[in-house]
Each structure stands twice: as structure tokens, then as C-alpha cells.
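Enquirer: Next up, query_21.txt (compact mmCIF, C-alpha atoms and all ligand atoms).
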```
# COMPACT_ATOMS: atom_id res chain seq x y z
CA MET U 1 124.62 74.92 113.28
CA ARG U 2 121.78 73.96 111.02
CA VAL U 3 119.11 75.38 108.75
CA GLY U 4 116.34 76.85 110.88
CA ARG U 5 113.23 78.47 109.53
CA THR U 6 112.74 78.68 105.79
CA ALA U 7 110.37 80.47 103.43
CA GLY U 8 109.60 80.57 99.73
CA VAL U 9 107.09 82.86 98.02
CA THR U 10 106.53 83.71 94.39
CA ASP U 11 104.08 86.17 92.89
CA THR U 12 103.17 87.18 89.35
CA GLY U 13 103.31 90.86 90.26
CA ARG U 14 100.90 93.47 88.95
CA ARG U 15 101.93 93.83 85.34
CA ARG U 16 102.70 90.41 83.93
CA ARG U 17 100.21 87.85 82.79
CA ARG U 18 102.31 84.88 83.75
CA ASN U 19 104.77 83.96 86.42
CA GLU U 20 108.03 82.89 84.82
CA ASP U 21 109.88 82.57 88.13
CA ALA U 22 110.35 79.33 90.03
CA PHE U 23 111.99 78.41 93.31
CA VAL U 24 113.25 75.45 95.31
CA VAL U 25 113.04 75.19 99.10
CA GLN U 26 114.37 71.74 99.98
CA PRO U 27 116.70 72.24 102.91
CA PRO U 28 119.65 72.16 102.71
CA LEU U 29 119.15 73.21 99.09
CA PHE U 30 117.56 76.50 97.99
CA ALA U 31 117.24 78.21 94.63
CA VAL U 32 115.46 80.81 92.56
CA ALA U 33 115.13 80.82 88.77
CA ASP U 34 113.78 83.62 86.59
CA GLY U 35 112.86 82.40 83.12
CA MET U 36 112.75 84.24 79.83
CA GLY U 37 111.60 83.47 76.32
CA GLY U 38 108.58 83.99 74.14
CA ALA U 39 105.10 82.59 74.75
CA GLN U 40 105.36 80.27 77.74
CA ALA U 41 108.99 79.34 77.19
CA GLY U 42 110.21 81.39 80.15
CA GLU U 43 108.05 79.36 82.48
CA VAL U 44 109.24 76.13 80.93
CA ALA U 45 112.88 77.14 81.35
CA SER U 46 112.70 78.19 85.01
CA LYS U 47 110.58 75.19 85.99
CA LEU U 48 112.83 72.73 84.17
CA ALA U 49 115.84 74.19 85.92
CA ALA U 50 114.14 74.12 89.33
CA ALA U 51 112.96 70.55 88.72
CA ALA U 52 116.50 69.49 87.82
CA LEU U 53 117.60 70.67 91.25
CA ALA U 54 114.66 69.20 93.08
CA ASP U 55 115.24 65.79 91.43
CA THR U 56 118.79 65.52 92.57
CA ASP U 57 119.78 63.41 95.51
CA HIS U 58 121.28 66.05 97.74
CA GLY U 59 123.20 63.47 99.70
CA GLN U 60 125.55 63.22 96.75
CA LEU U 61 126.30 66.91 96.66
CA ARG U 62 129.55 68.24 97.95
CA GLY U 63 130.83 71.79 98.01
CA SER U 64 131.06 74.16 95.13
CA GLU U 65 131.79 71.36 92.68
CA GLY U 66 128.49 69.77 93.63
CA VAL U 67 126.65 73.05 93.16
CA VAL U 68 128.29 73.67 89.80
CA ALA U 69 127.37 70.13 88.70
CA LEU U 70 123.79 70.78 89.74
CA ILE U 71 123.57 74.00 87.76
CA GLN U 72 125.27 72.40 84.73
CA GLU U 73 122.68 69.62 84.81
CA ALA U 74 119.88 72.18 84.98
CA ASN U 75 121.51 74.04 82.09
CA ARG U 76 121.76 70.87 80.03
CA ARG U 77 118.05 70.12 80.47
CA VAL U 78 116.95 73.62 79.51
CA TYR U 79 119.36 73.70 76.56
CA GLU U 80 118.18 70.35 75.24
CA ARG U 81 114.54 71.30 75.46
CA ALA U 82 115.24 74.61 73.76
CA ASN U 83 116.86 72.73 70.88
CA GLU U 84 114.20 70.04 70.57
CA ASP U 85 111.14 72.18 70.79
CA PRO U 86 110.84 75.04 68.28
CA SER U 87 108.34 76.89 70.50
CA ALA U 88 110.93 76.87 73.29
CA SER U 89 113.81 77.98 71.13
CA GLY U 90 115.80 80.81 72.68
CA MET U 91 114.45 80.26 76.16
CA GLY U 92 116.67 80.56 79.18
CA THR U 93 116.67 81.20 82.89
CA THR U 94 118.71 82.70 85.66
CA MET U 95 119.62 80.48 88.59
CA THR U 96 120.89 81.34 92.05
CA VAL U 97 121.47 78.37 94.35
CA ALA U 98 122.42 78.07 98.02
CA LEU U 99 123.50 74.76 99.56
CA VAL U 100 124.11 74.55 103.30
CA GLU U 101 126.63 71.96 104.47
CA ASP U 102 129.02 71.65 107.39
CA GLY U 103 128.47 75.17 108.63
CA GLN U 104 129.06 76.64 105.21
CA VAL U 105 126.76 78.06 102.60
CA VAL U 106 127.83 77.37 99.04
CA ILE U 107 126.40 79.79 96.50
CA GLY U 108 126.18 79.09 92.76
CA HIS U 109 124.96 81.81 90.48
CA VAL U 110 124.13 82.69 86.86
CA GLY U 111 122.14 85.76 85.77
CA ASP U 112 120.58 88.69 87.61
CA SER U 113 118.74 87.00 90.44
CA ARG U 114 120.56 87.65 93.71
CA ALA U 115 121.73 86.21 97.00
CA TYR U 116 121.94 88.44 100.08
CA LEU U 117 123.11 87.90 103.63
CA VAL U 118 121.68 89.64 106.69
CA ARG U 119 124.25 89.59 109.49
CA ASP U 120 124.81 91.95 112.42
CA GLY U 121 122.06 94.27 111.31
CA SER U 122 123.31 94.85 107.80
CA LEU U 123 122.46 93.51 104.37
CA GLU U 124 125.20 92.37 102.02
CA GLN U 125 124.65 91.51 98.39
CA LEU U 126 126.66 88.34 97.82
CA THR U 127 126.22 87.82 94.09
CA ASP U 128 127.34 89.92 91.18
CA ASP U 129 124.60 90.54 88.57
CA HIS U 130 125.41 89.13 85.15
CA SER U 131 123.59 91.97 83.49
CA LEU U 132 124.25 94.59 80.89
CA VAL U 133 123.78 97.48 83.31
CA ASN U 134 126.13 95.92 85.84
CA GLU U 135 128.81 95.52 83.15
CA LEU U 136 128.33 99.16 82.24
CA MET U 137 128.50 100.26 85.87
CA LYS U 138 131.65 98.25 86.47
CA SER U 139 133.33 99.90 83.50
CA GLY U 140 132.20 103.31 84.77
CA LYS U 141 129.89 103.99 81.85
CA LEU U 142 126.76 104.13 83.96
CA SER U 143 125.92 105.40 87.43
CA PRO U 144 123.74 103.31 89.77
CA GLU U 145 120.98 105.90 89.33
CA GLU U 146 121.13 105.63 85.55
CA ALA U 147 121.16 101.84 85.82
CA GLU U 148 117.85 101.86 87.69
CA THR U 149 115.99 103.39 84.80
CA HIS U 150 118.09 102.10 81.90
CA PRO U 151 115.81 100.80 79.15
CA GLN U 152 117.89 97.64 78.92
CA ARG U 153 118.14 96.87 82.59
CA SER U 154 116.59 93.45 81.92
CA VAL U 155 119.33 92.36 79.56
CA ILE U 156 121.43 89.66 81.16
CA THR U 157 124.85 88.55 80.01
CA ARG U 158 124.65 84.94 81.21
CA ALA U 159 121.80 82.47 81.46
CA LEU U 160 121.05 78.77 81.63
CA GLY U 161 119.79 77.22 78.41
CA THR U 162 121.55 79.25 75.76
CA ASP U 163 124.72 77.13 75.44
CA PRO U 164 125.70 73.51 76.13
CA ASP U 165 127.86 74.68 79.04
CA VAL U 166 127.39 77.62 81.35
CA ASP U 167 129.93 79.61 83.31
CA VAL U 168 128.86 79.45 86.97
CA ASP U 169 130.02 81.83 89.72
CA THR U 170 130.54 80.00 93.01
CA PHE U 171 131.79 80.94 96.43
CA THR U 172 131.43 79.78 100.01
CA ILE U 173 130.34 81.71 103.09
CA GLU U 174 131.20 80.57 106.61
CA ALA U 175 127.75 80.59 108.20
CA ARG U 176 127.05 81.99 111.67
CA GLU U 177 124.10 81.46 113.95
CA GLY U 178 121.50 84.11 113.27
CA ASP U 179 122.45 84.62 109.64
CA ILE U 180 119.55 85.06 107.26
CA PHE U 181 120.14 84.25 103.61
CA LEU U 182 117.86 85.68 100.97
CA LEU U 183 117.60 84.56 97.34
CA CYS U 184 115.39 86.62 95.07
CA SER U 185 114.52 87.44 91.49
CA ASP U 186 115.00 90.92 90.04
CA GLY U 187 111.28 91.56 90.42
CA LEU U 188 112.04 92.22 94.09
CA THR U 189 115.26 94.22 93.77
CA SER U 190 114.07 96.38 90.89
CA MET U 191 111.06 97.49 92.95
CA ILE U 192 112.48 98.00 96.43
CA GLY U 193 115.89 99.04 97.72
CA ASP U 194 118.33 97.35 100.06
CA THR U 195 117.24 99.43 103.05
CA ALA U 196 113.63 98.33 102.67
CA ILE U 197 114.69 94.71 102.25
CA LEU U 198 116.81 94.85 105.40
CA ASP U 199 114.03 96.56 107.38
CA VAL U 200 111.52 93.87 106.49
CA LEU U 201 113.90 90.99 107.21
CA GLU U 202 114.95 92.45 110.54
CA HIS U 203 111.43 93.31 111.55
CA HIS U 204 110.09 89.83 110.79
CA ARG U 205 113.19 87.80 111.52
CA ARG U 206 111.19 85.55 113.87
CA ASP U 207 108.74 84.74 111.09
CA LEU U 208 110.53 84.34 107.79
CA ASP U 209 107.38 83.36 105.97
CA ARG U 210 105.82 86.64 106.98
CA ALA U 211 109.03 88.43 105.99
CA ALA U 212 108.96 86.86 102.53
CA ARG U 213 105.30 87.72 101.99
CA THR U 214 105.88 91.27 103.18
CA LEU U 215 108.78 91.67 100.75
CA VAL U 216 106.53 90.53 97.92
CA SER U 217 103.77 92.94 98.86
CA GLU U 218 106.28 95.79 99.18
CA ALA U 219 107.54 95.02 95.67
CA ASN U 220 103.94 95.07 94.45
CA ARG U 221 103.38 98.38 96.15
CA GLY U 222 106.49 99.64 94.42
CA GLY U 223 104.90 98.82 91.06
CA GLY U 224 105.07 95.04 90.76
CA GLU U 225 106.39 95.35 87.23
CA ASP U 226 107.90 91.88 87.15
CA ASN U 227 107.38 88.50 88.75
CA ILE U 228 108.64 88.52 92.34
CA THR U 229 110.27 85.57 94.08
CA VAL U 230 111.72 85.44 97.57
CA VAL U 231 113.43 82.49 99.25
CA ALA U 232 114.85 82.91 102.76
CA PHE U 233 116.42 80.67 105.36
CA GLU U 234 118.14 81.19 108.68
CA ILE U 235 121.10 79.53 110.29
CA ALA U 236 120.03 78.26 113.71
CA PRO U 237 121.91 76.71 116.61
CA GLY U 238 121.88 72.92 116.88
CA ASP U 239 122.97 69.92 114.88
CA ALA U 240 122.19 69.32 111.27
CA ASP U 241 120.81 65.96 112.42
CA ASP U 242 117.95 67.41 114.39
CA LEU U 243 116.78 69.14 111.26
CA GLU U 244 113.16 69.43 112.28
CA GLU U 245 110.46 68.36 109.84
CA THR U 246 111.91 69.85 106.69
CA ARG U 247 108.77 70.52 104.81
CA ARG U 248 109.28 69.51 101.23
CA LEU U 249 107.67 72.46 99.59
CA PRO U 250 106.70 72.00 96.00
CA VAL U 251 108.79 73.51 93.30
CA ALA U 252 106.76 76.61 92.98
CA GLY U 253 105.60 78.86 90.31
CA GLU U 254 102.14 79.85 91.30
CA GLU U 255 99.04 80.00 89.21
CA ASP U 256 98.35 83.25 87.46
CA THR U 257 97.00 85.98 89.64
CA LEU U 258 96.29 88.52 86.94
CA SER U 259 94.84 91.52 88.62
CA GLY U 260 92.61 94.06 86.96
CA LEU U 261 95.59 96.11 85.87
CA ASP U 262 96.75 96.30 82.29
CA PRO U 263 99.23 93.60 81.58
CA VAL U 264 102.08 95.33 79.82
CA PRO U 265 104.80 93.46 78.05
CA ALA U 266 107.36 95.08 80.35
CA VAL U 267 110.99 95.22 79.31
CA ASP U 268 111.60 91.66 78.24
CA THR U 269 114.61 89.85 79.45
CA MET U 270 117.17 88.81 76.88
CA VAL U 271 120.69 87.45 76.98
CA VAL U 272 123.66 89.14 75.42
CA PRO U 273 127.20 87.78 75.75
CA PRO U 274 129.50 90.17 77.64
CA ASP U 275 131.66 90.81 74.56
CA GLN U 276 128.64 92.15 72.70
CA VAL U 277 127.50 94.48 75.42
CA ASP U 278 128.79 97.56 73.64
CA VAL U 279 127.04 96.58 70.44
CA VAL U 280 123.75 96.27 72.22
CA VAL U 281 124.19 99.54 73.99
CA ALA U 282 125.00 101.29 70.75
CA ARG U 283 121.92 99.81 69.17
CA GLY U 284 119.75 100.42 72.20
CA VAL U 285 120.74 104.00 72.78
CA ALA U 286 119.89 104.97 69.22
CA PRO U 287 116.47 106.54 69.38
CA VAL U 288 113.63 104.61 67.88
CA GLU U 289 113.86 105.50 64.19
CA THR U 290 112.29 108.89 63.92
CA ARG U 291 109.63 109.06 61.27
CA ARG U 292 109.40 112.17 59.18
CA PRO U 293 106.54 114.27 60.45
CA ALA U 294 103.31 113.62 58.61
CA TYR U 295 103.20 117.36 57.93
CA TRP U 296 105.95 117.12 55.31
CA ARG U 297 104.24 114.23 53.62
CA LEU U 298 101.06 116.30 53.40
CA VAL U 299 102.91 119.23 51.89
CA ALA U 300 104.65 116.93 49.40
CA ALA U 301 101.32 115.38 48.41
CA MET U 302 99.72 118.80 47.92
CA VAL U 303 102.63 120.03 45.80
CA PHE U 304 102.32 116.89 43.71
CA LEU U 305 98.55 117.33 43.26
CA LEU U 306 98.97 121.00 42.35
CA ALA U 307 101.59 120.01 39.78
CA VAL U 308 99.26 117.44 38.28
CA ALA U 309 96.41 119.97 38.23
CA ALA U 310 98.66 122.53 36.56
CA VAL U 311 99.68 120.04 33.91
CA LEU U 312 96.03 119.17 33.29
CA VAL U 313 95.05 122.84 33.04
CA VAL U 314 97.87 123.61 30.61
CA TRP U 315 97.03 120.50 28.58
CA GLY U 316 93.34 121.53 28.54
CA LEU U 317 94.16 125.04 27.38
CA LEU U 318 96.40 123.80 24.60
CA ARG U 319 93.73 121.52 23.10
MN MN U 401 112.54 88.93 86.43
```
Let me see whether you can do it: turn the structure in this file into C-alpha cells.

Expert:
Amino acid sequence: MRVGRTAGVTDTGRRRRRNEDAFVVQPPLFAVADGMGGAQAGEVASKLAAAALADTDHGQLRGSEGVVALIQEANRRVYERANEDPSASGMGTTMTVALVEDGQVVIGHVGDSRAYLVRDGSLEQLTDDHSLVNELMKSGKLSPEEAETHPQRSVITRALGTDPDVDVDTFTIEAREGDIFLLCSDGLTSMIGDTAILDVLEHHRRDLDRAARTLVSEANRGGGEDNITVVAFEIAPGDADDLEETRRLPVAGEEDTLSGLDPVPAVDTMVVPPDQVDVVVARGVAPVETRRPAYWRLVAAMVFLLAVAAVLVVWGLLR
């Protein structure tokens, strides 16, 4: 068993000015990172994290400990930069990593990017979103339908770069020939559903690059409200040794492809620790401070002016 075909595509989407996503396709290592932070900090964060992975000698990596070490190193680099550089302060990034070794796929994960597995004609979400809406759904406070449109669906509860250490989810999947693994940013999953994702991957399973590009264009057709990143690889028969020319794709984050559409500052991603989730919800659910209607101000002003006029008239008469 070995890594067969691979693909990695990232796209700015239709609403954002910049692409703050990054990915790594360096078999047997794969990752996606979705950055956040003001100005260009989100881009810096995701690219630093991706570069930390790409720099590492994968020969040294072993199992989930290796994957955790990799993500901790990426976290350390983003955190240090955020502390050194005032313009990068508060930046962070998600990171979902897959490492294939000895017939197993080790997943490491922080944030709301996702890993999926296509096996036997079905799609399984492997990772658990570290997001506000997922916390709320798990505690039964929100239905999946409500989560889809929740104004704070971009709030994540864990990220790289916000603390010196990060809590990483890891687990291992026993790979099978024919498996397709998908890593993606929320710009894909917030625009198209699991059924559509499965359809595309099944339909283009012989051409993963085509599959990845189709997923991106489907997400754009669905609105393209966020940056979209798709990484996919398949588990093929054969030995790891005859790993055919593993193209070393660049750590990507493509140039801006701002279309003619209005760039809107869509719901910006932010990080909130899980224990403060309720606080944020309370704050968020409160309606934007309602201003008193201008009508009442007008009436108040007229009453005031009439009062002044009356005083002046009385004063004039008394002279
Ligand atoms: Mn995103």
C-alpha cells in the first residue's frame, strides 16, 4: 500500500480579496491551513505553519507523536511571529495534517478545517470541528440547520498561534487500497454539502486533480464566500518504495484572483476558548444596539425649539 495520486488546489473564492489558506502536498505528508487575523496576518499565519511542515525532514516523523511535534513546531513559529510583530498580533491558523506511514494514516488537527475519508462509496468526516457552532451543537443548543446560518459560524475554539502550546487532536486510520482522503478548509464545507463532495470525488476518482478543481468550482458556484482549499490523496496498491515521482508541489497560497464581485469582509474568523463559548454567544445573540428612531429625536428637537420660541415670545411681551 502506498500513496497514489495526489492533488492540491486553493482558490480565493468570490468574496475575499486575499487568500489566507495554504496547503502542503509532499507525500507522505499533507496539510491544509486556514489563517485569520487583520490586514495580511492571516496569510502570514497559514503560510508560516505550512512552511514549518514543508521544512521538516519527514524521515524523522513517526506516528501521532511525530504529527503532534510537527504541529507544535508550526504553532511555535506562528506564536513567536505574532508576538514579535505588532502587525501580526492576534493572528492564528487552523491546521489539519495527514501523514501516511506503514499502511496507516495519522491525522493531526486543530480548528475547523476538516479531514474526510471516502471508502466503499460513502464519505466520513474524520475530524471534529473546534468551532463555536460545533460546541453548541454538541451541547444540544443548536441544530445543524441553525449552525449553517449562525452569525458566528466562523468562530473557532482552537487555533495555532494564540498560545505557546496547542492542544492537538490526533488519531490513526488503518488505510485500505482505494481509500481517498480529503483535507479541506471551511470555504469548501460551508458552501457545499457532504453529498455533493462525495459525488464529485466518486465521479472523478480516477483524476483527483480534476476532482479537487471541480470541488473548488462547486464551492464558488455555491457562493464562494470564503477561501477554498482542497487536498486529496488516494491509497494505491504497491510498495511505499515505488512511490512514483512524488512531485514536490510548492506550499501554495495562490495569487489573488479578485473577480469583479464586491469583496465583502465576510464573517471574520476569530478564536474563542471553549470555556468562553457561552459568553460569546450571549454577546453575539444580543441584537446590534438598537438606536432610537430618528423620529423621536426630531420630535424632541421640535419641542425644544417651540419651548425656546415660547420663552422668547413671553420675554418679548414682558419688555
Ligand atoms: Mn476559511

Enquirer: Find the residue from U:Asn227, U:Ser46, U:Thr170, U:Gln276 that sits nearest to U:Arg17; use only C-alpha atoms when measuring.

Expert: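 Among the listed residues, the smallest separation from U:Arg17 belongs to U:Asn227.
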
Enquirer: All residues within 7 Å of ligand MN 401 (chain U) are required, counting all atoms listed in the file; please report them as a PyMOL selection string.

Expert: chain U and resi 34+185-187+226-227

Enquirer: Rounded to one decimal, what separation in Å do you get between atom CA of U:Gly222 and atom CA of U:Met191?

Expert: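 Those two atoms sit 5.3 Å apart.
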
Enquirer: Could you pull out every residue with an atom within 10 Å of (128.1, 71.4, 95.5), file coordinates, counting only C-alpha atoms, and send them as a list in words?

Expert: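 Residues found, by chain and rising number: Leu29, His58, Gln60, Leu61, Arg62, Gly63, Ser64, Glu65, Gly66, Val67, Val68, Ala69, Leu70, Ile71, Val97, Ala98, Leu99, Val100, Glu101, Val105, Val106, Ile107, Gly108 and Thr170 of chain U.
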
Enquirer: Name the closest residue to U:Ile228 among the candidates U:Val200, U:Ile192, U:Leu132, U:Ala115; distances are taken between atoms, counting all atoms listed in the file.

Expert: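 With all atoms listed in the file as the atom set, the closest residue is U:Ile192.
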
Enquirer: Leaving out U:Val166 and any residue of its chain fewer than 4 positions from it, which residues lie within 7 Å of it when counting only C-alpha atoms, given as a compact mmCIF listing (two decimals) with C-alpha atoms, in the frame of the given file?

Expert:
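File written: result.txt
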```txt
# COMPACT_ATOMS: atom_id res chain seq x y z
CA GLN U 72 125.27 72.40 84.73
CA ASN U 75 121.51 74.04 82.09
CA LEU U 160 121.05 78.77 81.63
```

Enquirer: Which residue gives the smallest distance to U:Arg153 among U:Gln125, U:Thr172, U:Ser217, U:Thr189, with all atoms listed in the file counted?

Expert: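 Among the listed residues, the smallest separation from U:Arg153 belongs to U:Thr189.
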
Enquirer: Which of these residues is nearest to U:Thr214, using only C-alpha atoms: U:Met302, U:Ile173, U:Ala310, U:Ala7?

Expert: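 Counting only C-alpha atoms, the residue closest to U:Thr214 is U:Ala7.
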